[in-house]
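What follows is the content of final_10.csv (CSV, C-alpha atoms and all ligand atoms).
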chain,number,residue,atom,x,y,z
A,25,MET,CA,51.2,14.6,-1.6
A,26,PRO,CA,48.2,13.3,0.3
A,27,PRO,CA,46.7,10.0,-0.8
A,28,THR,CA,43.5,10.2,-3.0
A,29,LEU,CA,40.6,9.1,-0.9
A,30,PRO,CA,37.1,8.1,-2.3
A,31,ASN,CA,34.6,10.9,-1.9
A,32,PRO,CA,32.6,10.1,1.3
A,33,ALA,CA,28.8,10.4,0.9
A,34,PRO,CA,27.8,13.8,2.3
A,35,GLU,CA,26.2,13.4,5.7
A,36,ASN,CA,22.9,14.9,4.6
A,37,ALA,CA,22.7,12.8,1.4
A,38,PRO,CA,19.2,11.4,1.0
A,39,ASP,CA,18.8,7.8,1.8
A,40,THR,CA,18.2,6.1,-1.5
A,41,THR,CA,17.7,2.5,-0.1
A,42,PRO,CA,14.5,1.2,-1.6
A,43,ILE,CA,11.7,0.8,0.9
A,44,VAL,CA,10.7,-2.5,-0.8
A,45,ALA,CA,13.0,-4.6,-3.0
A,46,PHE,CA,12.0,-8.0,-4.6
A,47,HIS,CA,14.7,-9.9,-6.4
A,48,ASP,CA,13.8,-13.2,-8.2
A,49,VAL,CA,11.0,-14.0,-5.8
A,50,SER,CA,9.0,-17.2,-6.4
A,51,ILE,CA,6.2,-18.9,-4.5
A,52,ALA,CA,4.0,-21.8,-5.4
A,53,PHE,CA,1.3,-23.5,-3.4
A,54,ASP,CA,-0.2,-27.0,-4.1
A,55,SER,CA,0.4,-27.1,-7.8
A,56,ASP,CA,3.7,-27.0,-9.6
A,57,ARG,CA,2.7,-23.7,-11.3
A,58,PRO,CA,4.3,-20.8,-9.4
A,59,ILE,CA,1.9,-18.0,-8.4
A,60,LEU,CA,4.9,-15.6,-8.6
A,61,ASN,CA,7.8,-16.6,-10.8
A,62,LYS,CA,11.1,-14.8,-10.3
A,63,ILE,CA,9.5,-11.4,-9.6
A,64,SER,CA,11.8,-8.4,-9.3
A,65,PHE,CA,10.9,-4.8,-8.6
A,66,GLU,CA,11.7,-2.0,-6.2
A,67,VAL,CA,9.7,0.7,-4.5
A,68,ALA,CA,11.5,3.9,-3.7
A,69,ARG,CA,10.8,6.1,-0.7
A,70,GLY,CA,7.6,8.2,-1.2
A,71,GLN,CA,6.3,6.2,-4.1
A,72,THR,CA,2.9,4.7,-4.4
A,73,LEU,CA,3.0,1.5,-6.3
A,74,ILE,CA,-0.4,0.5,-7.8
A,75,ILE,CA,-0.6,-3.3,-8.3
A,76,LEU,CA,-2.8,-4.5,-11.1
A,77,GLY,CA,-3.6,-7.8,-12.7
A,78,PRO,CA,-6.3,-10.4,-13.3
A,79,ALA,CA,-8.1,-12.1,-10.4
A,80,GLY,CA,-5.9,-14.8,-8.8
A,81,CYS,CA,-2.6,-13.5,-10.3
A,82,GLY,CA,-0.9,-13.2,-6.9
A,83,LYS,CA,-1.5,-9.6,-5.9
A,84,SER,CA,-2.5,-10.3,-2.3
A,85,VAL,CA,0.2,-12.9,-2.0
A,86,LEU,CA,2.8,-10.3,-3.0
A,87,VAL,CA,1.5,-7.9,-0.4
A,88,LYS,CA,1.5,-10.6,2.3
A,89,LEU,CA,5.1,-11.3,1.4
A,90,VAL,CA,6.0,-7.7,2.0
A,91,ASP,CA,4.3,-7.8,5.4
A,92,GLY,CA,6.1,-11.0,6.3
A,93,LEU,CA,2.9,-12.9,6.6
A,94,MET,CA,4.1,-15.4,4.0
A,95,LYS,CA,7.6,-16.6,3.0
A,96,PRO,CA,8.7,-17.1,-0.6
A,97,ASP,CA,10.1,-20.4,-1.8
A,98,SER,CA,13.1,-18.6,-3.3
A,99,GLY,CA,14.5,-15.1,-3.9
A,100,SER,CA,15.2,-12.1,-1.8
A,101,ILE,CA,12.7,-9.6,-0.2
A,102,LYS,CA,14.1,-6.5,1.4
A,103,VAL,CA,11.9,-4.1,3.4
A,104,PHE,CA,13.5,-0.9,4.7
A,105,GLY,CA,16.8,-2.5,3.4
A,106,GLU,CA,16.4,-5.5,5.7
A,107,GLU,CA,16.3,-9.1,4.3
A,108,LEU,CA,12.9,-10.5,5.3
A,109,THR,CA,13.3,-14.1,4.1
A,110,THR,CA,15.9,-15.1,6.6
A,111,MET,CA,14.7,-12.9,9.5
A,112,ARG,CA,13.6,-14.4,12.8
A,113,GLU,CA,9.9,-14.3,13.5
A,114,ARG,CA,10.5,-11.9,16.4
A,115,ASP,CA,12.3,-9.4,14.2
A,116,VAL,CA,9.6,-9.7,11.5
A,117,TYR,CA,7.1,-8.8,14.2
A,118,THR,CA,9.2,-5.7,15.1
A,119,LEU,CA,9.6,-4.7,11.5
A,120,ARG,CA,5.9,-5.1,10.9
A,121,LYS,CA,5.2,-2.3,13.5
A,122,ARG,CA,6.6,0.1,10.8
A,123,ILE,CA,4.0,-1.1,8.3
A,124,GLY,CA,0.3,-0.2,8.2
A,125,MET,CA,-1.9,-2.7,6.5
A,126,VAL,CA,-5.4,-2.2,5.1
A,127,PHE,CA,-6.8,-5.7,4.6
A,128,GLN,CA,-9.3,-6.7,2.0
A,129,GLU,CA,-12.8,-6.3,3.3
A,130,SER,CA,-11.5,-4.1,6.2
A,131,ALA,CA,-10.9,-7.0,8.7
A,132,LEU,CA,-12.1,-5.1,11.7
A,133,PHE,CA,-12.6,-6.8,15.1
A,134,ASP,CA,-16.4,-7.1,15.3
A,135,SER,CA,-16.4,-7.3,19.1
A,136,MET,CA,-14.5,-4.0,19.5
A,137,ASN,CA,-15.8,-0.5,18.9
A,138,VAL,CA,-14.1,1.8,16.5
A,139,GLU,CA,-11.9,3.3,19.1
A,140,ASP,CA,-10.5,0.0,20.2
A,141,ASN,CA,-10.1,-1.2,16.6
A,142,VAL,CA,-8.2,2.0,15.7
A,143,ALA,CA,-6.1,2.0,18.9
A,144,TYR,CA,-5.4,-1.8,18.6
A,145,ARG,CA,-1.6,-1.4,18.4
A,146,PHE,CA,-1.5,1.3,21.0
A,147,ASN,CA,-3.5,-0.9,23.5
A,148,GLU,CA,-1.2,-3.8,22.7
A,149,ALA,CA,1.8,-1.7,23.5
A,150,GLY,CA,0.2,-0.5,26.8
A,151,MET,CA,0.0,3.2,25.8
A,152,ASP,CA,-1.6,5.6,28.3
A,153,PRO,CA,-5.4,5.6,27.5
A,154,SER,CA,-5.8,9.3,27.4
A,155,GLU,CA,-2.9,9.7,25.0
A,156,SER,CA,-4.2,6.9,22.8
A,157,HIS,CA,-7.7,8.5,22.9
A,158,LYS,CA,-6.3,11.8,21.7
A,159,LYS,CA,-4.6,10.1,18.8
A,160,VAL,CA,-7.7,8.1,17.9
A,161,GLU,CA,-9.7,11.4,17.7
A,162,GLU,CA,-7.0,13.0,15.5
A,163,VAL,CA,-6.9,10.1,13.1
A,164,LEU,CA,-10.7,9.8,12.9
A,165,ASN,CA,-10.8,13.4,12.1
A,166,PHE,CA,-8.3,12.8,9.3
A,167,VAL,CA,-10.5,10.0,7.8
A,168,GLU,CA,-13.6,12.3,8.3
A,169,LEU,CA,-15.3,9.9,10.7
A,170,PRO,CA,-15.1,11.7,14.1
A,171,LYS,CA,-18.6,10.7,15.3
A,172,ALA,CA,-18.1,7.0,14.8
A,173,ILE,CA,-15.7,6.6,17.7
A,174,SER,CA,-18.0,4.5,20.0
A,175,LYS,CA,-19.8,2.6,17.2
A,176,PHE,CA,-19.3,-1.1,16.5
A,177,PRO,CA,-18.3,-2.3,13.0
A,178,SER,CA,-21.8,-3.8,12.5
A,179,GLU,CA,-23.3,-0.3,12.8
A,180,LEU,CA,-21.1,1.1,10.0
A,181,SER,CA,-21.5,1.1,6.2
A,182,GLY,CA,-18.9,-0.6,4.0
A,183,GLY,CA,-17.3,2.8,3.2
A,184,MET,CA,-17.1,3.7,6.9
A,185,ARG,CA,-15.5,0.4,7.8
A,186,ARG,CA,-12.9,1.0,5.1
A,187,ARG,CA,-12.2,4.5,6.7
A,188,VAL,CA,-11.8,2.9,10.1
A,189,SER,CA,-9.4,0.3,8.6
A,190,ILE,CA,-7.3,3.1,7.0
A,191,ALA,CA,-7.4,5.0,10.4
A,192,ARG,CA,-6.1,1.9,12.1
A,193,ALA,CA,-3.3,1.5,9.5
A,194,ILE,CA,-2.1,5.1,9.7
A,195,ILE,CA,-2.4,5.9,13.4
A,196,THR,CA,1.2,4.8,14.1
A,197,ASN,CA,2.6,7.0,11.3
A,198,PRO,CA,3.9,4.0,9.5
A,199,ASP,CA,6.9,4.1,7.1
A,200,LEU,CA,5.0,1.9,4.6
A,201,ILE,CA,1.3,1.3,4.0
A,202,LEU,CA,-0.1,-1.8,2.2
A,203,TYR,CA,-3.6,-1.4,0.8
A,204,ASP,CA,-5.2,-4.6,-0.3
A,205,SER,CA,-8.1,-3.7,-2.5
A,206,PRO,CA,-9.3,-0.8,-0.3
A,207,THR,CA,-12.2,-0.2,-2.7
A,208,GLY,CA,-13.1,-3.8,-3.2
A,209,GLY,CA,-16.9,-4.5,-2.9
A,210,LEU,CA,-17.8,-0.8,-2.7
A,211,ASP,CA,-20.1,1.0,-5.1
A,212,PRO,CA,-18.4,3.5,-7.5
A,213,ILE,CA,-19.3,6.6,-5.5
A,214,THR,CA,-18.1,5.2,-2.2
A,215,SER,CA,-15.0,3.9,-3.9
A,216,THR,CA,-14.1,7.4,-5.1
A,217,THR,CA,-14.4,8.7,-1.5
A,218,ILE,CA,-11.9,6.0,-0.4
A,219,VAL,CA,-9.5,6.8,-3.3
A,220,GLU,CA,-9.8,10.5,-2.2
A,221,LEU,CA,-8.7,9.5,1.3
A,222,VAL,CA,-5.8,7.5,0.0
A,223,ILE,CA,-4.7,10.5,-2.1
A,224,LYS,CA,-5.1,12.7,1.0
A,225,GLN,CA,-2.8,10.4,3.0
A,226,ARG,CA,-0.3,10.2,0.2
A,227,ASP,CA,-0.1,14.0,-0.3
A,228,VAL,CA,-0.2,15.0,3.3
A,229,SER,CA,2.2,12.4,4.7
A,230,HIS,CA,4.1,11.2,1.6
A,231,THR,CA,4.1,7.7,3.0
A,232,THR,CA,5.5,5.0,0.7
A,233,SER,CA,2.5,2.7,-0.3
A,234,LEU,CA,1.6,-0.4,-2.2
A,235,LEU,CA,-2.0,-0.5,-3.3
A,236,ILE,CA,-3.9,-3.3,-5.0
A,237,THR,CA,-6.9,-2.4,-7.0
A,238,HIS,CA,-9.3,-4.2,-9.3
A,239,ARG,CA,-10.7,-0.9,-10.6
A,240,LEU,CA,-8.6,0.7,-13.3
A,241,GLN,CA,-10.6,3.9,-12.8
A,242,ASP,CA,-9.4,4.1,-9.2
A,243,ALA,CA,-5.8,3.5,-10.4
A,244,PHE,CA,-6.0,6.4,-12.9
A,245,THR,CA,-7.7,8.7,-10.4
A,246,LEU,CA,-4.8,8.1,-8.0
A,247,ALA,CA,-2.3,8.8,-10.9
A,248,THR,CA,-4.0,12.0,-12.1
A,249,HIS,CA,-5.3,13.7,-8.9
A,250,ARG,CA,-3.9,15.4,-5.9
A,251,TRP,CA,-5.0,16.7,-2.5
A,252,ASN,CA,-5.7,20.4,-2.2
A,253,VAL,CA,-5.0,21.2,1.5
A,254,ASN,CA,-6.6,24.7,1.3
A,255,ASP,CA,-9.9,23.5,-0.1
A,256,ASN,CA,-9.6,20.1,1.8
A,257,LYS,CA,-10.6,18.2,-1.3
A,258,MET,CA,-9.2,16.2,-4.2
A,259,GLU,CA,-8.6,17.9,-7.5
A,260,PRO,CA,-7.2,16.9,-11.0
A,261,ILE,CA,-3.5,17.7,-11.3
A,262,PRO,CA,-3.4,20.5,-13.9
A,263,ARG,CA,-1.4,20.4,-17.1
A,264,ASN,CA,0.7,23.6,-17.2
A,265,GLU,CA,4.4,24.6,-17.1
A,266,MET,CA,4.6,23.3,-13.5
A,267,ASP,CA,2.6,20.0,-13.8
A,268,ASN,CA,2.1,17.4,-16.4
A,269,GLY,CA,-1.3,16.2,-15.2
A,270,ILE,CA,0.3,13.1,-13.6
A,271,ASP,CA,1.4,12.4,-10.0
A,272,ASP,CA,5.1,11.6,-10.3
A,273,SER,CA,5.2,9.4,-7.2
A,274,THR,CA,2.7,6.9,-8.7
A,275,GLN,CA,4.2,3.8,-10.3
A,276,PHE,CA,2.5,0.7,-11.7
A,277,LEU,CA,3.2,-3.0,-11.4
A,278,VAL,CA,1.1,-5.2,-13.6
A,279,LEU,CA,1.2,-9.0,-13.0
A,280,ASN,CA,0.0,-11.8,-15.2
A,281,GLU,CA,0.6,-15.5,-14.9
A,282,GLY,CA,3.3,-15.2,-12.3
A,283,THR,CA,5.4,-12.5,-14.0
A,284,VAL,CA,5.7,-8.8,-14.2
A,285,VAL,CA,4.1,-7.5,-17.4
A,286,TYR,CA,4.8,-3.9,-16.7
A,287,HIS,CA,6.6,-1.9,-14.1
A,288,GLY,CA,7.0,1.9,-14.5
A,289,ASN,CA,5.2,5.2,-14.6
A,290,THR,CA,1.7,6.2,-15.7
A,291,GLN,CA,2.8,7.5,-19.1
A,292,GLY,CA,4.7,4.3,-19.9
A,293,LEU,CA,1.7,2.2,-19.0
A,294,VAL,CA,-0.9,4.1,-21.1
A,295,HIS,CA,1.5,4.3,-24.1
A,296,SER,CA,2.6,0.6,-23.9
A,297,GLU,CA,2.5,-1.3,-27.1
A,298,ASP,CA,2.3,-4.7,-25.3
A,299,PRO,CA,-0.7,-6.4,-26.8
A,300,TRP,CA,-1.8,-8.1,-23.6
A,301,LEU,CA,-1.5,-4.9,-21.6
A,302,LYS,CA,-3.4,-2.9,-24.2
A,303,ASP,CA,-6.2,-5.5,-24.1
A,304,TYR,CA,-6.1,-5.5,-20.2
A,305,LEU,CA,-6.4,-1.7,-20.1
A,306,SER,CA,-9.1,-1.4,-22.7
B,1,LIG,N1,-2.4,-19.7,1.6
B,1,LIG,C1,-2.6,-20.2,0.4
B,1,LIG,N2,-2.6,-21.5,0.1
B,1,LIG,C2,-2.9,-22.0,-1.1
B,1,LIG,N3,-3.1,-21.2,-2.2
B,1,LIG,C3,-3.2,-19.9,-2.0
B,1,LIG,C4,-2.9,-19.3,-0.7
B,1,LIG,N4,-3.0,-17.9,-0.8
B,1,LIG,C5,-3.3,-17.7,-2.1
B,1,LIG,N5,-3.4,-18.9,-2.8
B,1,LIG,C6,-3.7,-19.0,-4.2
B,1,LIG,O1,-2.8,-18.1,-4.9
B,1,LIG,C7,-3.4,-17.5,-6.0
B,1,LIG,C8,-3.2,-16.0,-6.0
B,1,LIG,O2,-4.0,-15.5,-4.9
B,1,LIG,P1,-4.1,-14.0,-4.6
B,1,LIG,O3,-5.1,-13.8,-3.5
B,1,LIG,O4,-2.8,-13.4,-4.3
B,1,LIG,O5,-4.7,-13.4,-5.9
B,1,LIG,P2,-5.1,-11.9,-6.3
B,1,LIG,O6,-4.4,-11.5,-7.5
B,1,LIG,O7,-5.0,-11.1,-5.1
B,1,LIG,O8,-6.7,-12.2,-6.6
B,1,LIG,P3,-7.9,-11.3,-6.5
B,1,LIG,O9,-7.8,-10.2,-7.6
B,1,LIG,O10,-9.0,-12.2,-6.9
B,1,LIG,O11,-8.0,-10.7,-5.2
B,1,LIG,C9,-4.9,-18.0,-6.0
B,1,LIG,O12,-5.0,-19.1,-6.9
B,1,LIG,C10,-5.1,-18.4,-4.6
B,1,LIG,O13,-6.0,-19.5,-4.5
Could you show the structure in this file as structure tokens?
Amino acid sequence: MPPTLPNPAPENAPDTTPIVAFHDVSIAFDSDRPILNKISFEVARGQTLIILGPAGCGKSVLVKLVDGLMKPDSGSIKVFGEELTTMRERDVYTLRKRIGMVFQESALFDSMNVEDNVAYRFNEAGMDPSESHKKVEEVLNFVELPKAISKFPSELSGGMRRRVSIARAIITNPDLILYDSPTGGLDPITSTTIVELVIKQRDVSHTTSLLITHRLQDAFTLATHRWNVNDNKMEPIPRNEMDNGIDDSTQFLVLNEGTVVYHGNTQGLVHSEDPWLKDYLS
């Protein structure tokens, strides 16, 4: 009788490794009070994690930890299954190439035109200029800013700069996008156009993303809308036999005073009985 062997994973089994995994991550700066205190959470492939919490609660620090721009005092951070906290700087640099980052306030290079800003990583890698130019045109079309290619950041509105920043983050087809307050400082109408673009990126490319926002309205628009590729516009997710009005890939992480107050889906967030959370969301 042949020996009983464990069932091998089928070759085409989906890779279930989380794209981001924090385990007991802590970081403090000057004071003894940790900014993040033993934070644990995971982000699965294809999810959009919306990070909420009061000003100064550590949202940007968390995103910088994911990008390897900061190191925690303790705990484990895995990105694409690789431990970041013990990784050599050179390897962090390589891993970062798989991540697109949209910084707070766009962070474009003022001395470079839109094309050079968007193609920054390609120029750094020495890509053939005509190939790079083609990709810049494609991505500027995607963010609906094709005519801005030769302009300088000072010639653009705040919303246009944000679009350029998103174009720069997505041009390499990253496996993970980190959005740090992409609508911060924008008026409500412009904010909605940026949220629309984030939804377009999510629903066209299904890229795993972490997104910080200060605007609850933006968070709920992300959770309840989808991109209609035929009409090329955002629309509310219907409630019918097929859909429940909510984007299933959207998850929420709410931080307060160094800890995770909530991590889960949209329904769980809006129906939470936690008094602090109810107050924060009201
Ligand atoms: N490099 C640093 N050195 C010292 N303190 C820092 C550093 N980076 C962040 N902090 C502090 O950590 C805390 C959290 O900052 P962080 O920018 O992550 O907050 P946030 O939740 O993103 O805030 P906001 O909503 O206002 O953008 C703040 O008190 C900030 O001053």
Using all atoms listed in the file, I'd like a table of the residues in chain A that come within 9 Å of ligand LIG 1 (chain B); for each, show the closest atom pair and its distance in Å rounded to one decimal, ordered by chain and ascending number, as JSON lines.
{"residue": "A:Ala52", "atom": "CA", "partner": "B:LIG1", "partner_atom": "O1", "distance": 7.8}
{"residue": "A:Phe53", "atom": "CA", "partner": "B:LIG1", "partner_atom": "C2", "distance": 5.0}
{"residue": "A:Asp54", "atom": "CA", "partner": "B:LIG1", "partner_atom": "C2", "distance": 6.4}
{"residue": "A:Ser55", "atom": "CA", "partner": "B:LIG1", "partner_atom": "N3", "distance": 8.9}
{"residue": "A:Pro58", "atom": "CA", "partner": "B:LIG1", "partner_atom": "O1", "distance": 8.8}
{"residue": "A:Ile59", "atom": "CA", "partner": "B:LIG1", "partner_atom": "C7", "distance": 5.8}
{"residue": "A:Leu60", "atom": "CA", "partner": "B:LIG1", "partner_atom": "C8", "distance": 8.5}
{"residue": "A:Leu76", "atom": "CA", "partner": "B:LIG1", "partner_atom": "O6", "distance": 8.0}
{"residue": "A:Gly77", "atom": "CA", "partner": "B:LIG1", "partner_atom": "O6", "distance": 6.4}
{"residue": "A:Pro78", "atom": "CA", "partner": "B:LIG1", "partner_atom": "O9", "distance": 5.9}
{"residue": "A:Ala79", "atom": "CA", "partner": "B:LIG1", "partner_atom": "O9", "distance": 3.4}
{"residue": "A:Gly80", "atom": "CA", "partner": "B:LIG1", "partner_atom": "O5", "distance": 3.4}
{"residue": "A:Cys81", "atom": "CA", "partner": "B:LIG1", "partner_atom": "O6", "distance": 3.9}
{"residue": "A:Gly82", "atom": "CA", "partner": "B:LIG1", "partner_atom": "O4", "distance": 3.2}
{"residue": "A:Lys83", "atom": "CA", "partner": "B:LIG1", "partner_atom": "O6", "distance": 3.8}
{"residue": "A:Ser84", "atom": "CA", "partner": "B:LIG1", "partner_atom": "O4", "distance": 3.7}
{"residue": "A:Val85", "atom": "CA", "partner": "B:LIG1", "partner_atom": "O4", "distance": 3.8}
{"residue": "A:Leu86", "atom": "CA", "partner": "B:LIG1", "partner_atom": "O4", "distance": 6.5}
{"residue": "A:Val87", "atom": "CA", "partner": "B:LIG1", "partner_atom": "O4", "distance": 8.0}
{"residue": "A:Lys88", "atom": "CA", "partner": "B:LIG1", "partner_atom": "O4", "distance": 8.4}
{"residue": "A:Met94", "atom": "CA", "partner": "B:LIG1", "partner_atom": "N1", "distance": 8.2}
{"residue": "A:Gln128", "atom": "CA", "partner": "B:LIG1", "partner_atom": "O11", "distance": 8.3}
{"residue": "A:Asp204", "atom": "CA", "partner": "B:LIG1", "partner_atom": "O7", "distance": 8.1}
{"residue": "A:Ser205", "atom": "CA", "partner": "B:LIG1", "partner_atom": "O11", "distance": 7.5}
{"residue": "A:Gly208", "atom": "CA", "partner": "B:LIG1", "partner_atom": "O11", "distance": 8.8}
{"residue": "A:Ile236", "atom": "CA", "partner": "B:LIG1", "partner_atom": "O7", "distance": 7.9}
{"residue": "A:Thr237", "atom": "CA", "partner": "B:LIG1", "partner_atom": "O9", "distance": 7.9}
{"residue": "A:His238", "atom": "CA", "partner": "B:LIG1", "partner_atom": "O9", "distance": 6.4}
{"residue": "A:Leu279", "atom": "CA", "partner": "B:LIG1", "partner_atom": "O6", "distance": 8.2}
{"residue": "A:Asn280", "atom": "CA", "partner": "B:LIG1", "partner_atom": "O6", "distance": 8.9}
Correct to one decimal, the distance CA of Ala247 in chain A-CA of Ile190 in chain A is 19.4 Å
Give me, please, the distance in Å between CA of Leu200 in chain A and CA of Gly150 in chain A, quoted to one decimal.
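Going from CA of Leu200 in chain A over to CA of Gly150 in chain A, I get 22.8 Å.
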Please identify all polymer residues within 12 Å of Ser306 in chain A, counting only C-alpha atoms, omitting same-chain residues fewer than 4 positions from it, and present them as an MDAnalysis selection string.
chainID A and resid 240:241 293:294 296 299:302
Restricting it to C-alpha atoms, dump the selection as a PDB file, in the frame of the given file.
ATOM      1  CA  LEU A 240      -8.600   0.700 -13.300  1.00  0.00           C
ATOM      2  CA  GLN A 241     -10.600   3.900 -12.800  1.00  0.00           C
ATOM      3  CA  LEU A 293       1.700   2.200 -19.000  1.00  0.00           C
ATOM      4  CA  VAL A 294      -0.900   4.100 -21.100  1.00  0.00           C
ATOM      5  CA  SER A 296       2.600   0.600 -23.900  1.00  0.00           C
ATOM      6  CA  PRO A 299      -0.700  -6.400 -26.800  1.00  0.00           C
ATOM      7  CA  TRP A 300      -1.800  -8.100 -23.600  1.00  0.00           C
ATOM      8  CA  LEU A 301      -1.500  -4.900 -21.600  1.00  0.00           C
ATOM      9  CA  LYS A 302      -3.400  -2.900 -24.200  1.00  0.00           C
TER      10      LYS A 302
END
What is the distance, in Å and to one decimal place, between CA of Gly99 in chain A and CA of Asp48 in chain A?
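Separating CA of Gly99 in chain A from CA of Asp48 in chain A is a distance of 4.8 Å.
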Can you list, as a list of chain:residue names, every protein, DNA or RNA residue that comes within 7 Å of Gly288 in chain A when you count all atoms listed in the file, leaving out same-chain residues fewer than 2 positions away?
A:Gln275, A:Phe276, A:Leu277, A:Tyr286, A:Thr290, A:Gly292, A:Leu293
A:Val219, A:Val285, A:Leu164, A:Met136: which is nearest Glu259 in chain A, counting all atoms listed in the file?
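Among the listed residues, A:Val219 lies closest to Glu259 in chain A.
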With all atoms listed in the file as the counted atoms, please give the residues lying no more than 7 Å from range 248-251 of chain A, apart from itself and same-chain residues fewer than 3 positions off, as a PDB file with C-alpha atoms, keeping the file's coordinate frame.
ATOM      1  CA  ILE A 223      -4.700  10.500  -2.100  1.00  0.00           C
ATOM      2  CA  LYS A 224      -5.100  12.700   1.000  1.00  0.00           C
ATOM      3  CA  ASP A 227      -0.100  14.000  -0.300  1.00  0.00           C
ATOM      4  CA  PHE A 244      -6.000   6.400 -12.900  1.00  0.00           C
ATOM      5  CA  THR A 245      -7.700   8.700 -10.400  1.00  0.00           C
ATOM      6  CA  LYS A 257     -10.600  18.200  -1.300  1.00  0.00           C
ATOM      7  CA  MET A 258      -9.200  16.200  -4.200  1.00  0.00           C
ATOM      8  CA  GLU A 259      -8.600  17.900  -7.500  1.00  0.00           C
ATOM      9  CA  PRO A 260      -7.200  16.900 -11.000  1.00  0.00           C
ATOM     10  CA  ILE A 261      -3.500  17.700 -11.300  1.00  0.00           C
ATOM     11  CA  GLY A 269      -1.300  16.200 -15.200  1.00  0.00           C
ATOM     12  CA  ILE A 270       0.300  13.100 -13.600  1.00  0.00           C
ATOM     13  CA  ASP A 271       1.400  12.400 -10.000  1.00  0.00           C
TER      14      ASP A 271
END
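Residues lying within 10 Å of Leu73 in chain A, counting only C-alpha atoms and ignoring same-chain neighbours fewer than 5 positions away, are Glu66, Val67, Ala68, Leu202, Thr232, Ser233, Leu234, Leu235, Ile236, Ala243, Ser273, Thr274, Gln275, Phe276, Leu277, His287, Gly288 and Asn289 of chain A.
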Preceding selection exported with C-alpha atoms as a PDB file, in the frame of the given file:
ATOM      1  CA  GLU A  66      11.700  -2.000  -6.200  1.00  0.00           C
ATOM      2  CA  VAL A  67       9.700   0.700  -4.500  1.00  0.00           C
ATOM      3  CA  ALA A  68      11.500   3.900  -3.700  1.00  0.00           C
ATOM      4  CA  LEU A 202      -0.100  -1.800   2.200  1.00  0.00           C
ATOM      5  CA  THR A 232       5.500   5.000   0.700  1.00  0.00           C
ATOM      6  CA  SER A 233       2.500   2.700  -0.300  1.00  0.00           C
ATOM      7  CA  LEU A 234       1.600  -0.400  -2.200  1.00  0.00           C
ATOM      8  CA  LEU A 235      -2.000  -0.500  -3.300  1.00  0.00           C
ATOM      9  CA  ILE A 236      -3.900  -3.300  -5.000  1.00  0.00           C
ATOM     10  CA  ALA A 243      -5.800   3.500 -10.400  1.00  0.00           C
ATOM     11  CA  SER A 273       5.200   9.400  -7.200  1.00  0.00           C
ATOM     12  CA  THR A 274       2.700   6.900  -8.700  1.00  0.00           C
ATOM     13  CA  GLN A 275       4.200   3.800 -10.300  1.00  0.00           C
ATOM     14  CA  PHE A 276       2.500   0.700 -11.700  1.00  0.00           C
ATOM     15  CA  LEU A 277       3.200  -3.000 -11.400  1.00  0.00           C
ATOM     16  CA  HIS A 287       6.600  -1.900 -14.100  1.00  0.00           C
ATOM     17  CA  GLY A 288       7.000   1.900 -14.500  1.00  0.00           C
ATOM     18  CA  ASN A 289       5.200   5.200 -14.600  1.00  0.00           C
TER      19      ASN A 289
END
Smallest atom-to-atom distance to Tyr144 in chain A: which of A:Lys159, A:Arg69, A:Arg114, A:Arg263, using all atoms listed in the file?
A:Lys159
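Candidate residues A:Ile101, A:Glu106, A:Lys175, A:Asn165 were compared for distance to Asp140 in chain A, and the nearest is A:Lys175, using all atoms listed in the file.
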Pick the closest to Ile43 in chain A from A:Val253, A:Val103, A:Ile173, A:Ala149: which is it, counting all atoms listed in the file?
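Among A:Val253, A:Val103, A:Ile173, A:Ala149, it is A:Val103 that comes nearest to Ile43 in chain A.
Proximity ranking of A:Ser174, A:Asp298, A:Thr231, A:Val90 relative to Asn141 in chain A places A:Ser174 first, based on only C-alpha atoms.
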Hey, which of A:Gln225, A:Asn256, A:Val167, A:Ile74 ends up closest to Arg239 in chain A? Count only C-alpha atoms.
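Counting only C-alpha atoms, the residue closest to Arg239 in chain A is A:Ile74.
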List the residues sitting within 7 Å of (12.1, -6.0, -4.3) in the file's frame, using all atoms listed in the file, as a list in words.
Val44, Ala45, Phe46, His47, Ser64, Phe65, Glu66, Ile101 and Lys102 of chain A
